[in-house]
$ cat target.cif   # mmCIF, C-alpha atoms
data_work
#
loop_
_atom_site.group_PDB
_atom_site.id
_atom_site.type_symbol
_atom_site.label_atom_id
_atom_site.label_comp_id
_atom_site.auth_asym_id
_atom_site.auth_seq_id
_atom_site.Cartn_x
_atom_site.Cartn_y
_atom_site.Cartn_z
ATOM 1 C CA MET A 1 8.887 -4.630 18.874
ATOM 2 C CA ARG A 2 5.306 -4.986 17.667
ATOM 3 C CA GLU A 3 3.277 -1.855 17.051
ATOM 4 C CA ASN A 4 -0.461 -2.350 16.556
ATOM 5 C CA ASP A 5 -1.983 1.011 17.383
ATOM 6 C CA ARG A 6 -3.763 2.848 14.607
ATOM 7 C CA VAL A 7 -1.796 5.956 13.643
ATOM 8 C CA THR A 8 -3.878 9.014 12.850
ATOM 9 C CA SER A 9 -1.078 11.563 12.473
ATOM 10 C CA ALA A 10 -0.212 10.652 8.886
ATOM 11 C CA THR A 11 -2.218 13.477 7.383
ATOM 12 C CA ARG A 12 -0.896 16.798 6.188
ATOM 13 C CA GLN A 13 -1.556 19.596 8.663
ATOM 14 C CA PRO A 14 -1.555 23.356 8.042
ATOM 15 C CA GLY A 15 1.786 24.975 8.721
ATOM 16 C CA THR A 16 4.760 26.686 7.196
ATOM 17 C CA PRO A 17 4.688 26.525 3.386
ATOM 18 C CA ALA A 18 6.656 23.477 2.333
ATOM 19 C CA ALA A 19 8.853 25.331 -0.148
ATOM 20 C CA ALA A 20 10.148 27.585 2.677
ATOM 21 C CA THR A 21 11.108 24.644 4.925
ATOM 22 C CA PRO A 22 14.543 23.043 4.487
ATOM 23 C CA ALA A 23 14.446 19.297 3.898
ATOM 24 C CA ARG A 24 15.619 17.084 6.767
ATOM 25 C CA LEU A 25 14.486 13.703 5.426
ATOM 26 C CA ILE A 26 14.040 12.124 2.000
ATOM 27 C CA ALA A 27 11.563 9.237 1.779
ATOM 28 C CA THR A 28 11.718 7.292 -1.450
ATOM 29 C CA ASP A 29 9.952 4.285 -2.847
ATOM 30 C CA LEU A 30 12.159 1.744 -4.656
ATOM 31 C CA ASP A 31 10.562 -0.107 -7.586
ATOM 32 C CA GLY A 32 9.533 2.262 -10.359
ATOM 33 C CA THR A 33 10.974 5.188 -8.384
ATOM 34 C CA LEU A 34 14.565 4.993 -7.116
ATOM 35 C CA LEU A 35 15.372 1.787 -9.029
ATOM 36 C CA ARG A 36 15.597 1.631 -12.789
ATOM 37 C CA ASP A 37 13.486 -0.968 -14.556
ATOM 38 C CA ASP A 38 16.424 -3.404 -14.475
ATOM 39 C CA LYS A 39 16.351 -3.047 -10.629
ATOM 40 C CA SER A 40 19.698 -1.248 -10.543
ATOM 41 C CA VAL A 41 20.600 1.935 -8.696
ATOM 42 C CA SER A 42 22.330 4.217 -11.176
ATOM 43 C CA PRO A 43 25.710 5.787 -10.318
ATOM 44 C CA ARG A 44 24.064 9.213 -10.474
ATOM 45 C CA THR A 45 21.467 8.143 -7.903
ATOM 46 C CA VAL A 46 24.095 6.559 -5.641
ATOM 47 C CA ALA A 47 26.028 9.838 -5.693
ATOM 48 C CA ALA A 48 22.890 11.895 -4.976
ATOM 49 C CA LEU A 49 21.921 9.746 -1.971
ATOM 50 C CA ALA A 50 25.430 10.007 -0.540
ATOM 51 C CA ALA A 51 25.464 13.776 -1.091
ATOM 52 C CA ALA A 52 22.126 14.150 0.713
ATOM 53 C CA GLU A 53 23.391 12.211 3.726
ATOM 54 C CA GLU A 54 26.612 14.245 3.683
ATOM 55 C CA ALA A 55 24.487 17.404 3.786
ATOM 56 C CA GLY A 56 22.666 16.128 6.881
ATOM 57 C CA ILE A 57 19.478 14.948 5.158
ATOM 58 C CA GLU A 58 18.391 11.487 6.280
ATOM 59 C CA VAL A 59 17.313 9.034 3.580
ATOM 60 C CA PHE A 60 14.632 6.430 4.205
ATOM 61 C CA PHE A 61 13.827 3.710 1.688
ATOM 62 C CA VAL A 62 10.056 3.193 1.970
ATOM 63 C CA THR A 63 8.879 0.186 -0.001
ATOM 64 C CA GLY A 64 6.321 -2.563 -0.363
ATOM 65 C CA ARG A 65 9.176 -5.054 -0.592
ATOM 66 C CA PRO A 66 9.779 -7.535 2.225
ATOM 67 C CA ALA A 67 13.008 -7.205 4.182
ATOM 68 C CA ARG A 68 14.596 -10.168 2.405
ATOM 69 C CA TRP A 69 14.361 -8.279 -0.910
ATOM 70 C CA MET A 70 16.367 -5.283 0.311
ATOM 71 C CA ASP A 71 19.747 -6.519 -0.909
ATOM 72 C CA VAL A 72 19.333 -4.279 -3.945
ATOM 73 C CA VAL A 73 19.952 -1.197 -1.783
ATOM 74 C CA SER A 74 21.905 -2.647 1.146
ATOM 75 C CA ASP A 75 25.142 -1.197 -0.254
ATOM 76 C CA HIS A 76 23.639 2.288 -0.305
ATOM 77 C CA VAL A 77 22.425 2.696 3.287
ATOM 78 C CA HIS A 78 23.998 5.504 5.255
ATOM 79 C CA GLY A 79 23.651 6.843 8.764
ATOM 80 C CA HIS A 80 20.729 5.210 10.568
ATOM 81 C CA GLY A 81 20.487 2.337 8.064
ATOM 82 C CA LEU A 82 16.746 1.948 8.509
ATOM 83 C CA ALA A 83 14.182 1.097 5.846
ATOM 84 C CA ILE A 84 10.400 0.874 5.968
ATOM 85 C CA CYS A 85 9.289 -2.396 4.356
ATOM 86 C CA GLY A 86 6.009 -4.149 3.575
ATOM 87 C CA ASN A 87 4.123 -0.873 2.972
ATOM 88 C CA GLY A 88 4.758 0.226 6.533
ATOM 89 C CA ALA A 89 4.396 -3.148 8.251
ATOM 90 C CA ALA A 90 8.041 -3.247 9.353
ATOM 91 C CA VAL A 91 10.966 -0.959 10.099
ATOM 92 C CA VAL A 92 14.171 -2.846 9.351
ATOM 93 C CA ASP A 93 17.813 -2.157 10.210
ATOM 94 C CA LEU A 94 19.870 -2.965 7.109
ATOM 95 C CA HIS A 95 23.277 -2.385 8.701
ATOM 96 C CA GLY A 96 23.959 -6.100 8.935
ATOM 97 C CA GLY A 97 23.987 -6.436 5.157
ATOM 98 C CA PRO A 98 22.230 -9.036 3.001
ATOM 99 C CA GLY A 99 20.478 -11.699 5.054
ATOM 100 C CA ALA A 100 21.374 -10.091 8.394
ATOM 101 C CA HIS A 101 18.660 -7.466 8.751
ATOM 102 C CA ARG A 102 17.005 -6.798 12.098
ATOM 103 C CA PHE A 103 13.341 -5.928 12.657
ATOM 104 C CA VAL A 104 13.149 -2.730 14.705
ATOM 105 C CA LYS A 105 9.373 -2.296 14.598
ATOM 106 C CA VAL A 106 6.602 -4.639 13.411
ATOM 107 C CA ARG A 107 3.026 -3.463 12.796
ATOM 108 C CA GLU A 108 1.341 -6.755 12.169
ATOM 109 C CA LEU A 109 -1.914 -7.705 10.510
ATOM 110 C CA ALA A 110 -3.900 -9.574 13.160
ATOM 111 C CA ARG A 111 -4.850 -13.050 11.963
ATOM 112 C CA GLU A 112 -8.538 -12.466 12.667
ATOM 113 C CA ASN A 113 -8.438 -9.350 10.481
ATOM 114 C CA ALA A 114 -6.585 -11.249 7.769
ATOM 115 C CA LEU A 115 -9.165 -14.043 7.838
ATOM 116 C CA ASP A 116 -11.986 -11.489 7.631
ATOM 117 C CA ALA A 117 -10.320 -9.878 4.622
ATOM 118 C CA VAL A 118 -9.918 -13.247 2.879
ATOM 119 C CA ARG A 119 -13.554 -14.150 3.497
ATOM 120 C CA LEU A 120 -14.908 -10.800 2.355
ATOM 121 C CA LEU A 121 -12.772 -10.701 -0.757
ATOM 122 C CA ARG A 122 -13.580 -14.285 -1.743
ATOM 123 C CA ASP A 123 -17.268 -13.315 -1.607
ATOM 124 C CA ALA A 124 -16.805 -10.035 -3.492
ATOM 125 C CA ALA A 125 -14.394 -11.326 -6.154
ATOM 126 C CA PRO A 126 -14.665 -15.083 -6.737
ATOM 127 C CA GLY A 127 -11.459 -16.503 -8.153
ATOM 128 C CA THR A 128 -9.174 -14.444 -5.893
ATOM 129 C CA VAL A 129 -6.131 -16.348 -4.633
ATOM 130 C CA PHE A 130 -3.938 -15.402 -1.683
ATOM 131 C CA ALA A 131 -0.420 -15.425 -0.289
ATOM 132 C CA VAL A 132 0.789 -14.600 3.216
ATOM 133 C CA GLU A 133 3.892 -12.544 4.016
ATOM 134 C CA GLN A 134 5.416 -12.951 7.473
ATOM 135 C CA THR A 135 8.560 -11.584 9.057
ATOM 136 C CA TYR A 136 10.652 -14.573 8.022
ATOM 137 C CA GLY A 137 8.411 -16.547 5.705
ATOM 138 C CA PHE A 138 6.282 -16.520 2.584
ATOM 139 C CA HIS A 139 3.337 -18.889 2.086
ATOM 140 C CA GLN A 140 0.752 -19.168 -0.660
ATOM 141 C CA GLU A 141 -2.298 -21.002 -1.902
ATOM 142 C CA PRO A 142 -1.701 -23.743 -4.491
ATOM 143 C CA ASP A 143 -3.328 -21.695 -7.288
ATOM 144 C CA TYR A 144 -1.472 -18.461 -6.506
ATOM 145 C CA PRO A 145 0.715 -17.706 -9.563
ATOM 146 C CA LYS A 146 4.512 -17.532 -9.541
ATOM 147 C CA LEU A 147 4.771 -13.785 -9.186
ATOM 148 C CA HIS A 148 7.638 -13.382 -6.769
ATOM 149 C CA MET A 149 10.435 -15.581 -8.114
ATOM 150 C CA GLU A 150 10.760 -17.501 -4.874
ATOM 151 C CA ILE A 151 9.726 -20.865 -3.496
ATOM 152 C CA PRO A 152 6.965 -20.589 -0.872
ATOM 153 C CA ASP A 153 7.454 -22.195 2.508
ATOM 154 C CA ASN A 154 3.968 -23.741 2.421
ATOM 155 C CA LEU A 155 1.211 -24.389 -0.132
ATOM 156 C CA LEU A 156 -2.129 -24.338 1.691
ATOM 157 C CA PRO A 157 -5.484 -22.529 1.546
ATOM 158 C CA ALA A 158 -5.271 -19.074 3.118
ATOM 159 C CA GLU A 159 -7.634 -20.100 5.908
ATOM 160 C CA LYS A 160 -5.155 -22.782 7.011
ATOM 161 C CA LEU A 161 -2.144 -20.526 6.563
ATOM 162 C CA LEU A 162 -3.763 -17.924 8.839
ATOM 163 C CA ALA A 163 -5.194 -20.307 11.414
ATOM 164 C CA PRO A 164 -3.988 -19.878 15.019
ATOM 165 C CA ASP A 165 -2.224 -23.226 14.726
ATOM 166 C CA GLY A 166 -1.125 -22.702 11.111
ATOM 167 C CA PRO A 167 2.458 -22.734 9.780
ATOM 168 C CA ALA A 168 4.794 -20.277 11.513
ATOM 169 C CA ALA A 169 2.002 -19.290 13.888
ATOM 170 C CA ASP A 170 4.618 -17.735 16.188
ATOM 171 C CA GLN A 171 5.558 -15.165 13.527
ATOM 172 C CA PRO A 172 3.525 -11.988 12.933
ATOM 173 C CA VAL A 173 1.743 -11.578 9.603
ATOM 174 C CA LEU A 174 2.958 -8.447 7.821
ATOM 175 C CA LYS A 175 0.491 -8.500 4.936
ATOM 176 C CA ILE A 176 -1.531 -10.763 2.725
ATOM 177 C CA LEU A 177 -1.445 -10.624 -1.064
ATOM 178 C CA ALA A 178 -4.566 -11.097 -3.168
ATOM 179 C CA TYR A 179 -4.403 -11.838 -6.890
ATOM 180 C CA HIS A 180 -7.210 -11.984 -9.416
ATOM 181 C CA PRO A 181 -6.534 -13.407 -12.891
ATOM 182 C CA THR A 182 -9.020 -11.320 -14.891
ATOM 183 C CA LEU A 183 -10.056 -8.135 -13.070
ATOM 184 C CA ASP A 184 -8.697 -4.695 -13.976
ATOM 185 C CA PRO A 185 -6.117 -3.721 -11.303
ATOM 186 C CA ASP A 186 -7.750 -0.416 -10.345
ATOM 187 C CA ALA A 187 -11.237 -1.918 -10.387
ATOM 188 C CA PHE A 188 -10.016 -4.754 -8.143
ATOM 189 C CA LEU A 189 -8.523 -2.233 -5.705
ATOM 190 C CA THR A 190 -11.768 -0.255 -5.503
ATOM 191 C CA LEU A 191 -13.846 -3.399 -5.062
ATOM 192 C CA ALA A 192 -11.556 -4.736 -2.336
ATOM 193 C CA ARG A 193 -11.541 -1.500 -0.372
ATOM 194 C CA LEU A 194 -15.329 -1.421 -0.387
ATOM 195 C CA ALA A 195 -15.605 -5.097 0.563
ATOM 196 C CA ILE A 196 -12.968 -5.142 3.314
ATOM 197 C CA GLY A 197 -13.742 -1.757 4.826
ATOM 198 C CA ASP A 198 -11.937 -1.040 8.095
ATOM 199 C CA HIS A 199 -10.869 -4.652 8.675
ATOM 200 C CA ALA A 200 -7.567 -3.903 6.916
ATOM 201 C CA ASN A 201 -5.733 -1.401 4.722
ATOM 202 C CA VAL A 202 -5.738 -2.310 1.012
ATOM 203 C CA THR A 203 -3.427 -0.930 -1.665
ATOM 204 C CA ARG A 204 -1.446 -2.023 -4.709
ATOM 205 C CA SER A 205 1.952 -1.478 -6.323
ATOM 206 C CA SER A 206 1.940 -4.051 -9.123
ATOM 207 C CA PRO A 207 0.795 -3.437 -12.712
ATOM 208 C CA SER A 208 -1.256 -6.633 -12.401
ATOM 209 C CA ALA A 209 -4.396 -7.216 -10.295
ATOM 210 C CA LEU A 210 -2.335 -7.911 -7.179
ATOM 211 C CA LEU A 211 -3.410 -6.263 -3.936
ATOM 212 C CA GLU A 212 -1.423 -5.812 -0.725
ATOM 213 C CA ILE A 213 -3.459 -5.975 2.486
ATOM 214 C CA SER A 214 -2.038 -4.673 5.790
ATOM 215 C CA GLY A 215 -3.332 -3.981 9.262
ATOM 216 C CA PRO A 216 -5.862 -1.183 9.800
ATOM 217 C CA GLY A 217 -4.097 2.167 9.628
ATOM 218 C CA VAL A 218 -0.816 0.627 8.477
ATOM 219 C CA SER A 219 0.665 2.392 5.459
ATOM 220 C CA LYS A 220 3.927 3.866 4.269
ATOM 221 C CA ALA A 221 2.692 7.247 5.498
ATOM 222 C CA SER A 222 1.720 6.236 9.025
ATOM 223 C CA THR A 223 4.958 4.348 9.692
ATOM 224 C CA LEU A 224 7.021 7.153 8.183
ATOM 225 C CA ALA A 225 5.162 9.563 10.476
ATOM 226 C CA LEU A 226 6.161 7.424 13.470
ATOM 227 C CA CYS A 227 9.820 7.383 12.395
ATOM 228 C CA CYS A 228 9.818 11.139 11.827
ATOM 229 C CA ALA A 229 8.171 11.821 15.191
ATOM 230 C CA GLU A 230 10.912 9.815 16.903
ATOM 231 C CA ARG A 231 13.449 12.127 15.244
ATOM 232 C CA GLY A 232 11.609 15.380 15.843
ATOM 233 C CA ILE A 233 11.081 15.831 12.105
ATOM 234 C CA SER A 234 7.849 17.454 10.927
ATOM 235 C CA HIS A 235 6.000 16.528 7.750
ATOM 236 C CA GLU A 236 7.011 19.897 6.237
ATOM 237 C CA GLU A 237 10.652 18.788 6.441
ATOM 238 C CA VAL A 238 10.046 15.585 4.436
ATOM 239 C CA VAL A 239 10.507 15.197 0.676
ATOM 240 C CA ALA A 240 8.882 12.034 -0.709
ATOM 241 C CA PHE A 241 8.970 10.184 -4.042
ATOM 242 C CA GLY A 242 6.680 7.490 -5.478
ATOM 243 C CA ASP A 243 4.970 6.038 -8.506
ATOM 244 C CA MET A 244 2.101 3.722 -7.505
ATOM 245 C CA PRO A 245 -1.107 3.786 -5.393
ATOM 246 C CA ASN A 246 0.703 2.445 -2.314
ATOM 247 C CA ASP A 247 2.655 5.725 -2.297
ATOM 248 C CA VAL A 248 -0.349 8.065 -2.344
ATOM 249 C CA GLU A 249 -0.748 8.485 1.430
ATOM 250 C CA MET A 250 2.977 9.158 1.865
ATOM 251 C CA LEU A 251 3.028 11.726 -0.927
ATOM 252 C CA THR A 252 -0.030 13.459 0.500
ATOM 253 C CA TRP A 253 1.500 13.577 3.985
ATOM 254 C CA ALA A 254 4.962 14.865 3.063
ATOM 255 C CA GLY A 255 5.593 18.582 2.864
ATOM 256 C CA ARG A 256 7.020 18.175 -0.628
ATOM 257 C CA SER A 257 6.359 15.189 -2.823
ATOM 258 C CA TYR A 258 7.199 14.142 -6.355
ATOM 259 C CA ALA A 259 5.453 11.763 -8.719
ATOM 260 C CA MET A 260 7.758 10.025 -11.137
ATOM 261 C CA GLY A 261 7.340 10.601 -14.845
ATOM 262 C CA ASN A 262 6.145 6.989 -15.096
ATOM 263 C CA ALA A 263 3.662 7.333 -12.196
ATOM 264 C CA HIS A 264 0.075 6.122 -11.901
ATOM 265 C CA PRO A 265 -2.504 8.937 -12.444
ATOM 266 C CA ASP A 266 -3.571 8.798 -8.777
ATOM 267 C CA VAL A 267 0.026 9.436 -7.729
ATOM 268 C CA ILE A 268 0.368 12.411 -10.048
ATOM 269 C CA ALA A 269 -2.816 13.855 -8.556
ATOM 270 C CA ALA A 270 -1.578 13.319 -4.982
ATOM 271 C CA ALA A 271 1.951 14.710 -5.309
ATOM 272 C CA SER A 272 2.854 18.378 -5.028
ATOM 273 C CA GLY A 273 5.316 18.096 -7.917
ATOM 274 C CA CYS A 274 6.593 15.838 -10.680
ATOM 275 C CA THR A 275 10.014 14.678 -11.786
ATOM 276 C CA VAL A 276 11.266 12.614 -14.710
ATOM 277 C CA ALA A 277 10.890 8.837 -14.905
ATOM 278 C CA ASN A 278 12.804 6.296 -12.847
ATOM 279 C CA ASN A 279 14.923 5.297 -15.846
ATOM 280 C CA GLU A 280 15.981 8.949 -16.131
ATOM 281 C CA ASP A 281 17.085 9.195 -12.478
ATOM 282 C CA GLY A 282 14.128 11.326 -11.423
ATOM 283 C CA VAL A 283 14.929 11.058 -7.706
ATOM 284 C CA ALA A 284 18.536 12.130 -8.250
ATOM 285 C CA VAL A 285 17.414 15.093 -10.360
ATOM 286 C CA VAL A 286 15.327 16.475 -7.483
ATOM 287 C CA ILE A 287 17.975 15.789 -4.833
ATOM 288 C CA GLU A 288 20.566 17.619 -6.911
ATOM 289 C CA HIS A 289 18.261 20.649 -7.178
ATOM 290 C CA LEU A 290 17.528 20.555 -3.444
ATOM 291 C CA LEU A 291 21.209 20.514 -2.554
ATOM 292 C CA ALA A 292 22.056 23.239 -5.070
ATOM 293 C CA ALA A 293 19.353 25.466 -3.581
ATOM 294 C CA ARG A 294 20.910 25.074 -0.102
ATOM 295 C CA GLY A 295 24.040 26.758 -1.399
#
$ encode --input "target.cif" --output "structure tokens"
Amino acid sequence: MRENDRVTSATRQPGTPAAATPARLIATDLDGTLLRDDKSVSPRTVAALAAAEEAGIEVFFVTGRPARWMDVVSDHVHGHGLAICGNGAAVVDLHGGPGAHRFVKVRELARENALDAVRLLRDAAPGTVFAVEQTYGFHQEPDYPKLHMEIPDNLLPAEKLLAPDGPAADQPVLKILAYHPTLDPDAFLTLARLAIGDHANVTRSSPSALLEISGPGVSKASTLALCCAERGISHEEVVAFGDMPNDVEMLTWAGRSYAMGNAHPDVIAAASGCTVANNEDGVAVVIEHLLAARG
């Protein structure tokens, strides 16, 4: 199912103090958060996730990763088996295991919006190169660097990749990636947001000057809000974890949120609490405390 409507509910509303509200859902980023730097899930974290599900707390993996990169956690899905991928662009059922995922919801980036974003960013930051992420494909410009350890399906200018008759034109675009070889990552993000405006949502999760551009209103927070609304779960009942700017909206929305010890300064400012770094099992530490407090 495709979902294009702008979601405006992903903002924190006044209500019961978060600390007094039992957790019903844990929303956690993957890279730099749940995963250690070697991309493993520690035994302590595996045990904590299983214990949370056993206690009746749903766990959602909420990541910028595409669905095809979810094998790293496919052995650790419980219950509903859903994950939010592409910074909110897709909700994916991981029950089928590696290579057999199913798209439950797609919130695509319209091609006209993507083309506007490419044009505006080329003008604002000459030297920017682009890649295009679709539901079942990855395409890039010839000068886009090898950042993703995979072979692109097509090497063409972004304008051709995004054309109505371009490659895989029958597949929705989930996001476009924009890389600049020399700009500071945070400066590039600020510049791009000003240049692109409301044509698309711009964020970043990489330590390099690599931006992720989604449809207007599409973010981890807004898609998580949709998933929670379907389950009758309020924002006060959500505990969220993250480490990079693409997590800020989710951390602001959730009733309780934790920045990792290795988090970007903007994430620390947005979260209601902090935990230790990803390599020290910061997510597991908080889950263990939450479950202990339930008695």
$ resolve_selection --input "target.cif" --expression "the PyMOL selection byres ((chain A and resi 280) around 12)" --output "ChimeraX atom specification"
/A:32-37,41-45,260-262,275-279,281-286
$ closest_atom_pairs --input "target.cif" --of "range 72-157 of chain A" --to "range 243-251 of chain A" --cutoff "12 Å" --atoms "only C-alpha atoms" --output "Markdown table"
| residue | atom | partner | partner_atom | distance |
| --- | --- | --- | --- | --- |
| A:Ile84 | CA | A:Met250 | CA | 11.9 |
| A:Cys85 | CA | A:Asn246 | CA | 11.9 |
| A:Gly86 | CA | A:Asn246 | CA | 10.3 |
| A:Asn87 | CA | A:Asn246 | CA | 7.1 |
| A:Gly88 | CA | A:Asn246 | CA | 10.0 |
$ resolve_selection --input "target.cif" --expression "the PyMOL selection byres ((chain A and resi 127) around 12)" --output "list in words"
Val118, Leu121, Arg122, Asp123, Ala124, Ala125, Pro126, Thr128, Val129, Phe130, Glu141, Asp143, Tyr144, Ala178, Tyr179, His180, Pro181, Thr182, Leu183, Phe188 and Ala209 of chain A
$ closest_residue --input "target.cif" --among "A:Ala52, A:Leu174, A:Ser219, A:His139" --to "Phe103 in chain A" --atoms "only C-alpha atoms"
A:Leu174
$ closest_residue --input "target.cif" --among "A:Ala271, A:His235, A:Pro22, A:Ser206" --to "Thr252 in chain A" --atoms "all atoms listed in the file"
A:Ala271
$ resolve_selection --input "target.cif" --expression "the PyMOL selection byres ((chain A and resi 198) around 12)" --output "list in words"
Arg6, Asn113, Ala114, Asp116, Ala117, Leu120, Ala192, Arg193, Leu194, Ala195, Ile196, Gly197, His199, Ala200, Asn201, Val202, Ile213, Ser214, Gly215, Pro216, Gly217 and Val218 of chain A
$ axis_aligned_box --input "target.cif" --around "range 226-237 of chain A" --padding-each-side "3 Å" --output "lines of an AutoDock Vina configuration file"
center_x = 9.7
center_y = 13.6
center_z = 11.6
size_x = 13.4
size_y = 18.5
size_z = 16.7
$ residues_near_point --input "target.cif" --point "(11.5, 9.4, -0.1)" --cutoff "10 Å" --atoms "all atoms listed in the file" --output "count of residues only"
28
$ atom_distance --input "target.cif" --atom1 "CA of Pro152 in chain A" --atom2 "CA of Phe138 in chain A"
5.4 Å
$ atom_distance --input "target.cif" --atom1 "CA of Pro265 in chain A" --atom2 "CA of Leu211 in chain A"
17.4 Å
$ atom_distance --input "target.cif" --atom1 "CA of Thr135 in chain A" --atom2 "CA of His264 in chain A"
28.7 Å
$ closest_residue --input "target.cif" --among "A:Pro145, A:Pro207, A:Gly81, A:Gly56" --to "His101 in chain A" --atoms "only C-alpha atoms"
A:Gly81
$ closest_residue --input "target.cif" --among "A:Val267, A:Ala169, A:Leu115, A:Leu189" --to "Pro157 in chain A" --atoms "only C-alpha atoms"
A:Leu115
$ closest_residue --input "target.cif" --among "A:Glu212, A:Asp153, A:Glu159, A:Glu112" --to "Pro185 in chain A" --atoms "all atoms listed in the file"
A:Glu212
$ decode --input "target.cif" --residues "range 191-250 of chain A" --atoms "C-alpha atoms" --output "tab-separated table (two decimals), in the first residue's frame"
chain	number	residue	atom	x	y	z
A	191	LEU	CA	22.13	24.32	3.17
A	192	ALA	CA	20.01	21.56	1.65
A	193	ARG	CA	17.07	22.15	3.96
A	194	LEU	CA	17.06	25.83	3.08
A	195	ALA	CA	17.40	25.14	-0.65
A	196	ILE	CA	14.83	22.35	-0.92
A	197	GLY	CA	12.26	23.77	1.47
A	198	ASP	CA	8.94	21.92	1.52
A	199	HIS	CA	9.61	19.98	-1.69
A	200	ALA	CA	11.02	17.11	0.40
A	201	ASN	CA	12.24	16.12	3.86
A	202	VAL	CA	16.04	16.22	4.24
A	203	THR	CA	18.09	14.54	6.95
A	204	ARG	CA	21.33	12.62	7.45
A	205	SER	CA	22.66	9.60	9.33
A	206	SER	CA	26.17	9.24	7.89
A	207	PRO	CA	29.34	10.80	9.33
A	208	SER	CA	30.12	12.00	5.80
A	209	ALA	CA	28.34	14.72	3.79
A	210	LEU	CA	25.64	12.29	2.66
A	211	LEU	CA	22.03	13.45	2.84
A	212	GLU	CA	18.85	11.36	2.70
A	213	ILE	CA	15.88	13.02	0.99
A	214	SER	CA	12.34	11.67	1.46
A	215	GLY	CA	8.83	12.79	0.63
A	216	PRO	CA	7.39	15.86	2.37
A	217	GLY	CA	6.42	14.97	5.92
A	218	VAL	CA	8.02	11.52	5.72
A	219	SER	CA	10.27	10.77	8.69
A	220	LYS	CA	10.89	8.06	11.25
A	221	ALA	CA	8.60	9.96	13.61
A	222	SER	CA	5.62	10.36	11.30
A	223	THR	CA	5.62	6.72	10.18
A	224	LEU	CA	6.10	5.52	13.75
A	225	ALA	CA	3.13	7.70	14.72
A	226	LEU	CA	1.03	5.97	12.05
A	227	CYS	CA	2.06	2.51	13.29
A	228	CYS	CA	1.32	3.45	16.90
A	229	ALA	CA	-2.07	4.92	16.01
A	230	GLU	CA	-3.01	1.65	14.31
A	231	ARG	CA	-2.23	-0.11	17.60
A	232	GLY	CA	-3.89	2.39	19.90
A	233	ILE	CA	-0.52	3.33	21.40
A	234	SER	CA	0.05	6.94	22.44
A	235	HIS	CA	3.35	8.78	22.17
A	236	GLU	CA	3.64	8.73	25.99
A	237	GLU	CA	3.82	4.93	25.83
A	238	VAL	CA	6.79	4.92	23.41
A	239	VAL	CA	10.46	4.70	24.40
A	240	ALA	CA	12.83	5.64	21.56
A	241	PHE	CA	16.59	5.40	20.98
A	242	GLY	CA	18.85	7.09	18.42
A	243	ASP	CA	22.19	8.66	17.65
A	244	MET	CA	22.03	10.80	14.49
A	245	PRO	CA	20.02	13.74	13.05
A	246	ASN	CA	17.57	11.41	11.28
A	247	ASP	CA	16.45	10.30	14.76
A	248	VAL	CA	15.70	13.76	16.14
A	249	GLU	CA	12.01	13.93	15.20
A	250	MET	CA	11.37	10.45	16.61
